[in-house]
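Novice: input-v3.tsv is the file, holding TSV, C-alpha atoms:
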chain	number	residue	atom	x	y	z
A	1122	MET	CA	-8.63	-88.25	15.47
A	1123	LYS	CA	-5.83	-85.86	14.79
A	1124	TYR	CA	-7.75	-82.56	15.21
A	1125	ASP	CA	-10.32	-83.43	17.78
A	1126	ASN	CA	-9.52	-82.07	21.21
A	1127	ASP	CA	-5.86	-81.19	21.56
A	1128	ILE	CA	-6.20	-77.43	21.06
A	1129	PRO	CA	-2.66	-76.36	22.09
A	1130	THR	CA	-1.01	-78.69	19.58
A	1131	GLN	CA	-3.49	-77.69	16.92
A	1132	ALA	CA	-2.96	-73.97	17.34
A	1133	GLY	CA	-0.49	-73.76	14.48
A	1134	ASP	CA	-2.69	-75.78	12.16
A	1135	LEU	CA	-5.77	-73.78	13.14
A	1136	GLN	CA	-3.90	-70.56	12.44
A	1137	ALA	CA	-2.75	-71.94	9.08
A	1138	PHE	CA	-6.32	-72.98	8.31
A	1139	PHE	CA	-7.55	-69.55	9.30
A	1140	ASP	CA	-4.95	-67.94	7.08
A	1141	GLY	CA	-5.89	-70.18	4.15
A	1142	GLU	CA	-2.51	-71.79	4.09
A	1143	LEU	CA	-3.69	-75.40	4.38
A	1144	GLU	CA	-4.41	-77.25	1.16
A	1145	GLY	CA	-5.95	-80.50	0.01
A	1146	PRO	CA	-6.56	-83.23	2.60
A	1147	ASP	CA	-5.16	-81.16	5.46
A	1148	ALA	CA	-7.59	-78.33	4.77
A	1149	GLU	CA	-10.53	-80.75	4.46
A	1150	ARG	CA	-9.59	-82.53	7.67
A	1151	MET	CA	-9.31	-79.24	9.56
A	1152	ALA	CA	-12.64	-78.08	8.19
A	1153	ARG	CA	-14.29	-81.23	9.44
A	1154	SER	CA	-12.69	-80.80	12.85
A	1155	VAL	CA	-13.89	-77.23	13.13
A	1156	GLU	CA	-17.37	-78.26	12.10
A	1157	ALA	CA	-17.44	-80.99	14.71
A	1158	ASP	CA	-15.73	-79.14	17.56
A	1159	ALA	CA	-17.46	-76.17	19.18
A	1160	GLU	CA	-14.27	-75.10	20.93
A	1161	LEU	CA	-12.38	-74.94	17.65
A	1162	ARG	CA	-15.22	-72.92	16.16
A	1163	ALA	CA	-15.02	-70.55	19.11
A	1164	HIS	CA	-11.27	-70.11	18.57
A	1165	LEU	CA	-11.83	-69.52	14.89
A	1166	GLY	CA	-14.50	-66.94	15.72
A	1167	GLN	CA	-12.13	-65.14	18.06
A	1168	MET	CA	-9.46	-65.08	15.37
A	1169	THR	CA	-11.93	-63.60	12.91
A	1170	LEU	CA	-13.05	-61.00	15.42
A	1171	MET	CA	-9.44	-60.08	16.20
A	1172	ARG	CA	-8.56	-59.76	12.53
A	1173	ASP	CA	-11.55	-57.49	11.92
A	1174	LEU	CA	-10.68	-55.29	14.89
A	1175	VAL	CA	-7.04	-54.97	13.89
A	1176	GLY	CA	-7.97	-54.31	10.28
A	1177	ARG	CA	-10.47	-51.63	11.23
A	1178	SER	CA	-7.98	-50.00	13.56
A	1179	MET	CA	-5.34	-49.95	10.84
A	1180	GLU	CA	-7.81	-48.47	8.37
A	1181	MET	CA	-8.73	-45.73	10.82
A	1182	ARG	CA	-5.08	-44.90	11.44
A	1183	ALA	CA	-4.36	-44.97	7.74
A	1184	ALA	CA	-7.21	-42.54	7.14
A	1185	GLU	CA	-5.47	-40.05	9.41
A	1186	VAL	CA	-2.33	-40.06	7.27
A	1187	PRO	CA	-2.38	-37.42	4.54
A	1188	ARG	CA	-2.33	-38.64	0.99
A	1189	ALA	CA	0.90	-36.75	0.43
A	1190	ARG	CA	2.56	-38.89	3.07
A	1191	PHE	CA	1.62	-42.02	1.16
A	1192	GLU	CA	3.02	-40.49	-2.01
A	1193	GLN	CA	6.19	-39.71	-0.15
A	1194	ILE	CA	6.44	-43.28	1.11
A	1195	TRP	CA	5.84	-44.66	-2.37
A	1196	ASP	CA	8.46	-42.31	-3.80
A	1197	GLU	CA	10.93	-43.63	-1.28
A	1198	ILE	CA	10.00	-47.21	-2.13
A	1199	ASP	CA	10.41	-46.44	-5.83
A	1200	ARG	CA	13.81	-44.93	-5.20
A	1201	THR	CA	14.91	-47.94	-3.16
A	1202	ILE	CA	13.70	-50.37	-5.81
A	1203	SER	CA	15.43	-48.35	-8.51
A	1204	GLU	CA	18.66	-48.34	-6.55
A	1205	ASP	CA	18.42	-52.08	-5.98
A	1206	ALA	CA	17.68	-52.66	-9.63
A	1207	ARG	CA	20.62	-50.53	-10.67
A	1208	SER	CA	22.92	-52.49	-8.40
A	1209	VAL	CA	22.07	-55.84	-10.09
A	1210	GLU	CA	21.88	-54.60	-13.64
A	1211	ALA	CA	24.82	-54.60	-15.97
A	1212	PRO	CA	27.07	-51.66	-15.18
A	1213	ALA	CA	25.68	-48.59	-16.86
A	1214	SER	CA	27.69	-45.74	-18.19
A	1215	PHE	CA	28.59	-42.87	-15.89
A	1216	TRP	CA	26.09	-40.49	-17.49
A	1217	GLN	CA	23.33	-43.11	-17.37
A	1218	ARG	CA	23.93	-43.56	-13.65
A	1219	VAL	CA	23.91	-39.81	-13.06
A	1220	TRP	CA	20.74	-39.45	-15.09
A	1221	SER	CA	19.05	-42.22	-13.13
A	1222	ALA	CA	20.27	-40.93	-9.80
A	1223	ILE	CA	18.76	-37.51	-10.33
A	1224	ARG	CA	15.53	-38.88	-11.71
A	1225	PRO	CA	13.41	-37.68	-8.76
A	1226	PHE	CA	15.08	-34.30	-8.90
A	1227	ARG	CA	15.01	-33.67	-12.64
A	1228	VAL	CA	12.18	-31.18	-12.66
A	1229	PRO	CA	13.36	-29.12	-9.63
A	1230	ALA	CA	16.94	-29.42	-10.84
A	1231	PHE	CA	16.06	-28.10	-14.29
A	1232	ALA	CA	14.09	-25.29	-12.65
A	1233	ALA	CA	17.04	-24.45	-10.40
A	1234	VAL	CA	19.49	-24.53	-13.31
A	1235	ALA	CA	17.19	-22.34	-15.37
A	1236	ALA	CA	16.81	-19.90	-12.48
A	1237	ALA	CA	20.57	-19.87	-11.97
A	1238	ALA	CA	21.13	-19.26	-15.68
A	1239	VAL	CA	18.70	-16.35	-15.65
A	1240	ALA	CA	20.34	-14.98	-12.50
A	1241	VAL	CA	23.79	-15.23	-14.08
A	1242	VAL	CA	22.60	-13.51	-17.25
A	1243	VAL	CA	20.98	-10.74	-15.25
A	1244	LEU	CA	23.91	-10.31	-12.90
A	1245	ARG	CA	26.41	-10.21	-15.74
A	1246	SER	CA	24.33	-8.10	-18.07
A	1247	GLY	CA	26.54	-5.13	-17.39
A	1248	ASP	CA	30.14	-4.46	-16.64
A	1249	ALA	CA	31.25	-5.59	-13.22
A	1250	PRO	CA	31.27	-2.62	-10.89
A	1251	PRO	CA	34.54	-1.66	-9.31
A	1252	VAL	CA	35.04	-3.12	-5.88
A	1253	ASN	CA	36.06	-0.99	-3.01
A	1254	GLN	CA	38.22	-2.95	-0.61
A	1255	GLU	CA	38.36	-0.19	1.93
A	1256	PRO	CA	36.65	-0.68	5.28
A	1257	GLU	CA	34.38	2.19	4.41
A	1258	VAL	CA	32.54	1.87	1.16
A	1259	ALA	CA	30.34	4.33	-0.63
A	1260	SER	CA	27.70	3.72	-3.26
A	1261	VAL	CA	28.57	3.38	-6.88
A	1262	PRO	CA	25.90	3.36	-9.59
A	1263	ARG	CA	24.16	0.10	-10.26
A	1264	SER	CA	25.25	-0.76	-13.74
A	1265	ALA	CA	22.63	-1.14	-16.44
A	1266	GLU	CA	19.84	-1.32	-13.95
A	1267	PRO	CA	17.02	1.19	-14.07
A	1268	ALA	CA	15.99	2.94	-10.94
A	1269	PRO	CA	12.82	1.62	-9.34
A	1270	PRO	CA	9.66	3.44	-10.36
A	1271	ASP	CA	9.22	4.92	-6.90
A	1272	ALA	CA	12.69	6.37	-6.86
A	1273	LYS	CA	12.54	10.03	-6.08
A	1274	VAL	CA	16.20	10.77	-6.58
A	1275	ALA	CA	18.23	10.10	-9.68
A	1276	PRO	CA	21.22	7.77	-9.35
A	1277	GLY	CA	24.33	9.45	-8.10
A	1278	PRO	CA	27.47	10.20	-10.01
A	1279	ALA	CA	29.76	7.47	-11.26
A	1280	SER	CA	31.91	7.56	-8.18
A	1281	ILE	CA	31.40	9.08	-4.80
A	1282	PRO	CA	34.33	9.55	-2.50
A	1283	ALA	CA	34.02	7.42	0.58
A	1284	PRO	CA	32.59	9.67	3.25
A	1285	ALA	CA	33.34	9.52	6.90
A	1286	ILE	CA	30.99	7.30	8.83
A	1287	ALA	CA	30.26	7.43	12.48
A	1288	GLU	CA	32.51	5.11	14.41
A	1289	SER	CA	29.80	3.37	16.31
A	1290	PHE	CA	26.41	2.16	15.22
A	1291	PRO	CA	23.48	1.82	17.56
A	1292	SER	CA	22.84	-1.65	18.87
A	1293	PRO	CA	20.78	-3.64	16.41
A	1294	ARG	CA	17.08	-3.45	16.95
A	1295	ALA	CA	15.26	-6.74	17.49
A	1296	ALA	CA	13.29	-7.16	14.31
A	1297	ASP	CA	12.45	-9.67	11.64
A	1298	ALA	CA	13.07	-8.86	8.03
A	1299	GLU	CA	10.42	-9.28	5.39
A	1300	ILE	CA	11.71	-11.03	2.29
A	1301	HIS	CA	10.15	-9.65	-0.89
A	1302	GLY	CA	12.03	-11.72	-3.41
A	1303	ILE	CA	14.92	-14.14	-3.35
A	1304	GLU	CA	16.99	-16.16	-5.78
A	1305	PHE	CA	19.41	-18.78	-4.68
A	1306	GLY	CA	22.33	-19.36	-6.97
A	1307	GLY	CA	21.38	-22.89	-7.82
A	1308	LYS	CA	22.04	-24.13	-4.32
A	1309	GLN	CA	19.75	-24.69	-1.43
A	1310	GLY	CA	18.91	-22.16	1.21
A	1311	ARG	CA	16.55	-21.50	4.04
A	1312	ILE	CA	15.29	-18.55	6.04
A	1313	SER	CA	14.89	-18.42	9.79
A	1314	HIS	CA	12.93	-15.72	11.61
A	1315	THR	CA	13.61	-15.56	15.32
A	1316	GLY	CA	11.89	-12.33	16.25
A	1317	VAL	CA	15.28	-10.86	17.08
A	1318	VAL	CA	17.15	-11.44	13.87
A	1319	THR	CA	16.40	-12.93	10.49
A	1320	VAL	CA	18.98	-15.39	9.26
A	1321	LEU	CA	19.28	-16.56	5.70
A	1322	TYR	CA	21.37	-19.67	5.16
A	1323	VAL	CA	23.01	-20.41	1.85
A	1324	GLU	CA	25.44	-23.16	1.01
A	1325	GLU	CA	28.24	-22.69	-1.41
A	1326	ASP	CA	29.13	-26.36	-1.38
A	1327	ALA	CA	27.03	-28.55	-3.62
A	1328	ALA	CA	26.35	-31.00	-0.84
A	1329	THR	CA	23.21	-32.98	-1.45
A	1330	GLN	CA	20.77	-32.57	1.38
A	1331	LYS	CA	18.22	-35.28	1.95
A	1332	SER	CA	15.20	-33.66	3.45
A	1333	GLU	CA	11.65	-34.64	4.04
A	1334	ARG	CA	9.25	-33.03	1.67
A	1335	SER	CA	6.97	-30.46	3.14
A	1336	LEU	CA	3.49	-31.74	3.57
M	86	MET	CA	-25.73	32.80	4.37
M	87	LEU	CA	-22.23	32.69	2.86
M	88	ALA	CA	-20.57	31.56	6.07
M	89	PRO	CA	-22.39	28.23	6.36
M	90	VAL	CA	-21.68	27.47	2.70
M	91	LEU	CA	-17.98	28.22	3.08
M	92	ALA	CA	-17.86	26.21	6.25
M	93	ALA	CA	-19.53	23.28	4.51
M	94	ILE	CA	-16.89	23.37	1.78
M	95	LEU	CA	-13.84	24.13	3.86
M	96	ALA	CA	-14.48	21.72	6.72
M	97	PRO	CA	-14.24	18.54	4.61
M	98	MET	CA	-11.25	19.94	2.74
M	99	THR	CA	-9.47	20.71	5.99
M	100	ALA	CA	-10.23	17.27	7.33
M	101	PHE	CA	-9.01	15.64	4.12
M	102	ALA	CA	-5.83	17.67	4.15
M	103	ALA	CA	-5.16	16.71	7.75
M	104	VAL	CA	-5.59	13.03	6.98
M	105	ALA	CA	-3.71	13.06	3.70
M	106	VAL	CA	-0.76	15.23	4.60
M	107	THR	CA	0.08	13.77	7.99
M	108	PRO	CA	1.07	10.28	6.76
M	109	LEU	CA	3.11	11.78	3.95
M	110	ALA	CA	5.07	13.83	6.42
M	111	ALA	CA	5.49	10.85	8.74
M	112	GLU	CA	6.67	8.57	5.96
M	113	ALA	CA	9.25	10.83	4.42
M	114	ALA	CA	11.21	8.75	1.97
M	115	VAL	CA	14.83	8.11	2.80
M	116	THR	CA	17.44	8.65	0.15
M	117	LYS	CA	20.51	7.52	2.06
M	118	ALA	CA	21.42	4.87	4.55
M	119	ASN	CA	24.39	3.98	6.67
M	120	CYS	CA	25.14	0.32	6.98
M	121	GLN	CA	27.54	-1.78	8.92
M	122	VAL	CA	28.47	-5.20	7.61
M	123	THR	CA	30.15	-7.54	10.05
M	124	THR	CA	31.48	-10.94	9.17
M	125	VAL	CA	31.46	-13.34	12.08
M	126	LEU	CA	32.91	-16.81	12.25
M	127	MET	CA	30.90	-19.04	14.54
M	128	SER	CA	32.49	-22.23	15.72
M	129	LYS	CA	31.43	-25.07	17.93
M	130	ASP	CA	34.56	-24.74	20.01
M	131	GLY	CA	34.57	-22.23	22.83
M	132	ASP	CA	32.86	-21.30	26.04
M	133	GLY	CA	30.13	-19.16	24.56
M	134	THR	CA	31.75	-15.88	25.51
M	135	ILE	CA	30.93	-12.97	23.22
M	136	PRO	CA	34.10	-10.97	22.58
M	137	PRO	CA	33.98	-7.21	23.20
M	138	GLU	CA	34.13	-6.40	19.50
M	139	LEU	CA	30.89	-8.34	18.97
M	140	GLU	CA	29.22	-7.15	22.15
M	141	PHE	CA	26.95	-4.85	20.16
M	142	MET	CA	25.19	-7.83	18.61
M	143	LYS	CA	25.18	-9.98	21.73
M	144	PRO	CA	21.37	-10.39	21.92
M	145	SER	CA	21.37	-11.76	18.40
M	146	LEU	CA	24.32	-14.08	18.93
M	147	GLN	CA	22.80	-15.43	22.12
M	148	ASN	CA	19.56	-16.22	20.37
M	149	ASP	CA	18.53	-19.86	20.25
M	150	GLU	CA	19.22	-19.75	16.54
M	151	PHE	CA	22.93	-19.87	17.28
M	152	ALA	CA	22.77	-22.10	20.36
M	153	ALA	CA	24.90	-24.69	18.60
M	154	TYR	CA	27.83	-22.29	18.42
M	155	LYS	CA	30.16	-21.65	21.31
M	156	GLY	CA	32.83	-19.55	19.66
M	157	PHE	CA	32.27	-16.15	18.04
M	158	HIS	CA	35.05	-14.44	16.17
M	159	LEU	CA	35.01	-11.14	14.35
M	160	ILE	CA	36.54	-11.56	10.93
M	161	GLU	CA	35.88	-8.15	9.43
M	162	ARG	CA	33.71	-5.10	9.71
M	163	LYS	CA	32.90	-2.57	7.04
M	164	ALA	CA	30.89	0.60	7.12
M	165	VAL	CA	28.88	1.18	3.97
M	166	LYS	CA	27.09	4.30	2.82
M	167	LEU	CA	24.17	3.77	0.52
M	168	ALA	CA	22.42	6.18	-1.77
M	169	LEU	CA	19.01	5.46	-3.22
M	170	ALA	CA	19.02	3.06	-6.15
M	171	THR	CA	22.76	2.85	-6.36
M	172	LYS	CA	24.63	-0.32	-5.69
M	173	THR	CA	27.51	-0.61	-3.29
M	174	ASP	CA	29.71	-3.55	-4.04
M	175	SER	CA	32.29	-4.49	-1.46
M	176	SER	CA	34.63	-7.43	-1.11
M	177	PHE	CA	35.68	-9.22	2.02
M	178	THR	CA	38.76	-11.09	3.13
M	179	SER	CA	36.79	-14.33	2.89
M	180	GLY	CA	36.60	-13.72	-0.84
M	181	HIS	CA	32.89	-13.03	-0.86
M	182	ARG	CA	31.50	-9.93	-2.50
M	183	LEU	CA	28.41	-8.29	-1.08
M	184	GLY	CA	26.32	-5.87	-3.10
M	185	LEU	CA	23.92	-3.64	-1.21
M	186	THR	CA	21.35	-1.28	-2.69
M	187	LEU	CA	18.94	1.03	-0.93
M	188	MET	CA	15.65	0.51	-2.74
M	189	GLY	CA	13.55	2.85	-0.63
M	190	GLY	CA	11.96	3.17	2.73
M	191	ASP	CA	10.84	5.68	5.28
M	192	GLU	CA	11.87	6.79	8.72
M	193	LYS	CA	10.93	3.48	10.26
M	194	ARG	CA	11.75	0.90	7.68
M	195	LEU	CA	14.24	0.36	4.88
M	196	LYS	CA	13.91	-1.64	1.72
M	197	LEU	CA	17.20	-3.11	0.58
M	198	HIS	CA	18.59	-5.37	-2.08
M	199	ALA	CA	21.51	-7.62	-1.28
M	200	ASP	CA	23.46	-10.06	-3.35
M	201	LEU	CA	26.24	-12.22	-2.07
M	202	SER	CA	28.74	-13.87	-4.34
M	203	SER	CA	30.61	-17.10	-3.89
M	204	ARG	CA	34.05	-16.94	-2.36
M	205	ASP	CA	35.78	-16.77	-5.70
M	206	GLY	CA	33.32	-14.16	-6.89
M	207	SER	CA	32.42	-16.22	-9.91
M	208	LYS	CA	28.77	-16.75	-9.14
M	209	SER	CA	25.93	-15.47	-7.04
M	210	LEU	CA	25.07	-17.38	-3.89
M	211	VAL	CA	21.94	-15.44	-3.21
M	212	SER	CA	20.20	-12.33	-4.41
M	213	LEU	CA	17.31	-10.96	-2.43
M	214	GLU	CA	15.20	-7.95	-1.70
M	215	TYR	CA	14.04	-7.39	1.83
M	216	SER	CA	12.70	-4.75	4.14
M	217	ILE	CA	13.54	-4.34	7.77
M	218	GLU	CA	13.17	-1.85	10.56
M	219	ASN	CA	15.81	0.80	10.87
M	220	ASP	CA	18.87	-0.72	12.55
M	221	GLY	CA	17.41	-4.20	12.38
M	222	LEU	CA	19.94	-6.95	11.87
M	223	PHE	CA	19.78	-9.25	8.89
M	224	MET	CA	22.22	-12.13	8.71
M	225	ILE	CA	23.35	-14.36	5.90
M	226	GLY	CA	25.00	-17.65	6.74
M	227	ALA	CA	27.45	-18.25	3.93
M	228	GLY	CA	28.52	-21.77	4.80
M	229	SER	CA	31.70	-23.29	6.09
M	230	TYR	CA	34.76	-21.14	6.58
M	231	SER	CA	38.14	-21.57	8.19
M	232	ASN	CA	41.03	-19.30	8.94
M	233	GLU	CA	44.34	-20.07	10.55
M	234	ALA	CA	42.81	-20.04	14.03
M	235	HIS	CA	39.25	-21.23	13.80
M	236	SER	CA	36.87	-23.12	11.66
M	237	GLY	CA	33.11	-22.99	11.54
M	238	LYS	CA	30.38	-21.12	9.72
M	239	LEU	CA	30.70	-17.62	8.33
M	240	PHE	CA	27.88	-15.15	8.80
M	241	PHE	CA	27.38	-11.73	7.27
M	242	ALA	CA	25.50	-9.42	9.65
M	243	ILE	CA	23.97	-6.44	7.87
M	244	GLN	CA	22.65	-3.52	9.86
M	245	CYS	CA	21.35	-0.42	8.12
M	246	GLY	CA	19.79	2.79	9.29
M	247	GLY	CA	18.24	5.53	7.25
M	248	ALA	CA	20.11	8.81	6.96
M	249	SER	CA	18.84	12.16	5.84
As structure tokens, please, write out the structure in this file.
Specialist:
Amino acid sequence: MKYDNDIPTQAGDLQAFFDGELEGPDAERMARSVEADAELRAHLGQMTLMRDLVGRSMEMRAAEVPRARFEQIWDEIDRTISEDARSVEAPASFWQRVWSAIRPFRVPAFAAVAAAAVAVVVLRSGDAPPVNQEPEVASVPRSAEPAPPDAKVAPGPASIPAPAIAESFPSPRAADAEIHGIEFGGKQGRISHTGVVTVLYVEEDAATQKSERSL
Amino acid sequence: MLAPVLAAILAPMTAFAAVAVTPLAAEAAVTKANCQVTTVLMSKDGDGTIPPELEFMKPSLQNDEFAAYKGFHLIERKAVKLALATKTDSSFTSGHRLGLTLMGGDEKRLKLHADLSSRDGSKSLVSLEYSIENDGLFMIGAGSYSNEAHSGKLFFAIQCGGAS
């Protein structure tokens, strides 16, 4: 009999039977062998036990992964599939490709563009103030911008002569800054607090940065 | 009879005045500030030596934040006087324009507004409002920059102190 006692040679068939990959006469013959052979049944039982253990372990590990991580993984899969699909489709127009490429970023991109537009409107709402190129610069009035409500002194005259400033400043004090409000000009930026100095990074170049989403 | 009544009225008033007036005196609002803006080019080439002209900000430059940089080069330094609620706009050899405004503060802490333009001055890179201790250093990394001698990242270091 083909499946009676030769376990090592039957390992592949037993595995295929266990995985449900055998069909028709092969599956029936294997089922009969398992029914008749206690050793085969024991092997099959061990396979089942192993599958249950592995499955349970995987489920427990999966339960530890935040849902957002799964969404992130699926987003990445979607992007990869979209890119693959684009590569086999008929060549699309330039604007169609751009539109598809920025699909995941449309909402944040629109928000950034809108913020930049508002910033530009606000920043250009008045005449550009004169620029003092001298190494010592004095205040000139902020154009078309009202003084803050807590201001106790009215804005100064239109132009103040550059006063003399002490040659040396004290060494900077180790301190972190507190950011109350910030607008990036349509580009990315990040803030780093070190306890000694606060550093704000901005990028003028429109380099696309691929970063992991914050969970 | 009158003395206890007066004492009962005056004691709380005196206590209130002591509590209310002291913080006001301690937190006298500043109306002017002196600032120093230093532009520093940090490059990955070098031996990590801080040049004498940047010695004053050595603790900041030697912070882990800048551990990747081994060369520190002073590009420009400007002293800026600020008056409350008035904007000081200054341009730099890099092409950037930096606007600084004193928004308020007290003897310990200043509230400032800063906006930095792109190199061609056509658009704003960042506009922010922040507060920091007197003479605290706030830095803005403005991206890649090269001059005839070095290439790396350009940083604006802003240090302000309140003035009476």
Novice: So, counting all atoms listed in the file, which residue among M:Leu169, M:Ala234, M:Leu239, M:Leu126 is closest to chain A?
Specialist: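 Looking at the shortest contact to chain A, the residue is M:Leu169.
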Novice: Could you list the residues in chain M lying within 8 Å of chain A, using all atoms listed in the file, and format the result as a short mmCIF file (atom, residue, chain, number, x, y, z; two decimals) with C-alpha atoms, in the coordinates of the input?
Specialist:
data_model
loop_
_atom_site.label_atom_id
_atom_site.label_comp_id
_atom_site.auth_asym_id
_atom_site.auth_seq_id
_atom_site.Cartn_x
_atom_site.Cartn_y
_atom_site.Cartn_z
CA THR M 116 17.44 8.65 0.15
CA ASN M 119 24.39 3.98 6.67
CA GLN M 121 27.54 -1.78 8.92
CA PHE M 141 26.95 -4.85 20.16
CA MET M 142 25.19 -7.83 18.61
CA PRO M 144 21.37 -10.39 21.92
CA SER M 145 21.37 -11.76 18.40
CA ASN M 148 19.56 -16.22 20.37
CA GLU M 150 19.22 -19.75 16.54
CA ARG M 162 33.71 -5.10 9.71
CA LYS M 163 32.90 -2.57 7.04
CA ALA M 164 30.89 0.60 7.12
CA VAL M 165 28.88 1.18 3.97
CA LYS M 166 27.09 4.30 2.82
CA LEU M 167 24.17 3.77 0.52
CA ALA M 168 22.42 6.18 -1.77
CA LEU M 169 19.01 5.46 -3.22
CA ALA M 170 19.02 3.06 -6.15
CA THR M 171 22.76 2.85 -6.36
CA LYS M 172 24.63 -0.32 -5.69
CA THR M 173 27.51 -0.61 -3.29
CA ASP M 174 29.71 -3.55 -4.04
CA SER M 175 32.29 -4.49 -1.46
CA SER M 176 34.63 -7.43 -1.11
CA PHE M 177 35.68 -9.22 2.02
CA MET M 188 15.65 0.51 -2.74
CA GLY M 189 13.55 2.85 -0.63
CA SER M 203 30.61 -17.10 -3.89
CA LYS M 208 28.77 -16.75 -9.14
CA SER M 209 25.93 -15.47 -7.04
CA LEU M 210 25.07 -17.38 -3.89
CA VAL M 211 21.94 -15.44 -3.21
CA SER M 212 20.20 -12.33 -4.41
CA LEU M 213 17.31 -10.96 -2.43
CA GLU M 214 15.20 -7.95 -1.70
CA TYR M 215 14.04 -7.39 1.83
CA SER M 216 12.70 -4.75 4.14
CA ILE M 217 13.54 -4.34 7.77
CA GLU M 218 13.17 -1.85 10.56
CA ASN M 219 15.81 0.80 10.87
CA ASP M 220 18.87 -0.72 12.55
CA GLY M 221 17.41 -4.20 12.38
CA LEU M 222 19.94 -6.95 11.87
CA PHE M 223 19.78 -9.25 8.89
CA MET M 224 22.22 -12.13 8.71
CA ILE M 225 23.35 -14.36 5.90
CA GLY M 226 25.00 -17.65 6.74
CA ALA M 227 27.45 -18.25 3.93
CA GLY M 228 28.52 -21.77 4.80
CA GLN M 244 22.65 -3.52 9.86
#
Novice: In Å, rounded to a single decimal, give me how far CA of Leu1174 in chain A is from CA of Glu1142 in chain A.
Specialist: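 Taking CA of Glu1142 in chain A and CA of Leu1174 in chain A, their separation equals 21.3 Å.
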Novice: To one decimal place, how far is CA of Leu1143 in chain A from CA of Glu1180 in chain A in Å?
Specialist: 27.5 Å
Novice: Range 205-222 of chain M, all listed atoms, 8 Å padding on each side: what axis-aligned box centre and edge lengths in Å to one decimal come out, as lines of an AutoDock Vina configuration file?
Specialist:
center_x = 24.2
center_y = -8.3
center_z = 1.3
size_x = 39.1
size_y = 34.2
size_z = 38.5
Novice: Kindly reconstruct range 244-248 of chain M with all heavy atoms and present the result as a PDB file, in the coordinates of the input.
Specialist:
ATOM      1  N   GLN M 244      23.474  -4.441   9.073  1.00  0.00           N
ATOM      2  CA  GLN M 244      22.650  -3.520   9.860  1.00  0.00           C
ATOM      3  C   GLN M 244      22.631  -2.176   9.156  1.00  0.00           C
ATOM      4  O   GLN M 244      23.687  -1.601   8.879  1.00  0.00           O
ATOM      5  CB  GLN M 244      23.225  -3.364  11.267  1.00  0.00           C
ATOM      6  CG  GLN M 244      22.446  -2.406  12.148  1.00  0.00           C
ATOM      7  CD  GLN M 244      23.164  -2.142  13.469  1.00  0.00           C
ATOM      8  OE1 GLN M 244      24.184  -2.752  13.766  1.00  0.00           O
ATOM      9  NE2 GLN M 244      22.630  -1.210  14.245  1.00  0.00           N
ATOM     10  N   CYS M 245      21.461  -1.682   8.845  1.00  0.00           N
ATOM     11  CA  CYS M 245      21.350  -0.420   8.120  1.00  0.00           C
ATOM     12  C   CYS M 245      20.380   0.515   8.834  1.00  0.00           C
ATOM     13  O   CYS M 245      19.380   0.080   9.408  1.00  0.00           O
ATOM     14  CB  CYS M 245      20.841  -0.657   6.695  1.00  0.00           C
ATOM     15  SG  CYS M 245      22.013  -1.539   5.646  1.00  0.00           S
ATOM     16  N   GLY M 246      20.679   1.760   8.747  1.00  0.00           N
ATOM     17  CA  GLY M 246      19.790   2.790   9.290  1.00  0.00           C
ATOM     18  C   GLY M 246      19.660   3.930   8.298  1.00  0.00           C
ATOM     19  O   GLY M 246      20.631   4.305   7.635  1.00  0.00           O
ATOM     20  N   GLY M 247      18.485   4.452   8.200  1.00  0.00           N
ATOM     21  CA  GLY M 247      18.240   5.530   7.250  1.00  0.00           C
ATOM     22  C   GLY M 247      18.968   6.805   7.667  1.00  0.00           C
ATOM     23  O   GLY M 247      19.168   7.073   8.850  1.00  0.00           O
ATOM     24  N   ALA M 248      19.422   7.547   6.693  1.00  0.00           N
ATOM     25  CA  ALA M 248      20.110   8.810   6.960  1.00  0.00           C
ATOM     26  C   ALA M 248      19.489   9.886   6.092  1.00  0.00           C
ATOM     27  O   ALA M 248      19.048   9.615   4.975  1.00  0.00           O
ATOM     28  CB  ALA M 248      21.599   8.677   6.647  1.00  0.00           C
TER      29      ALA M 248
END
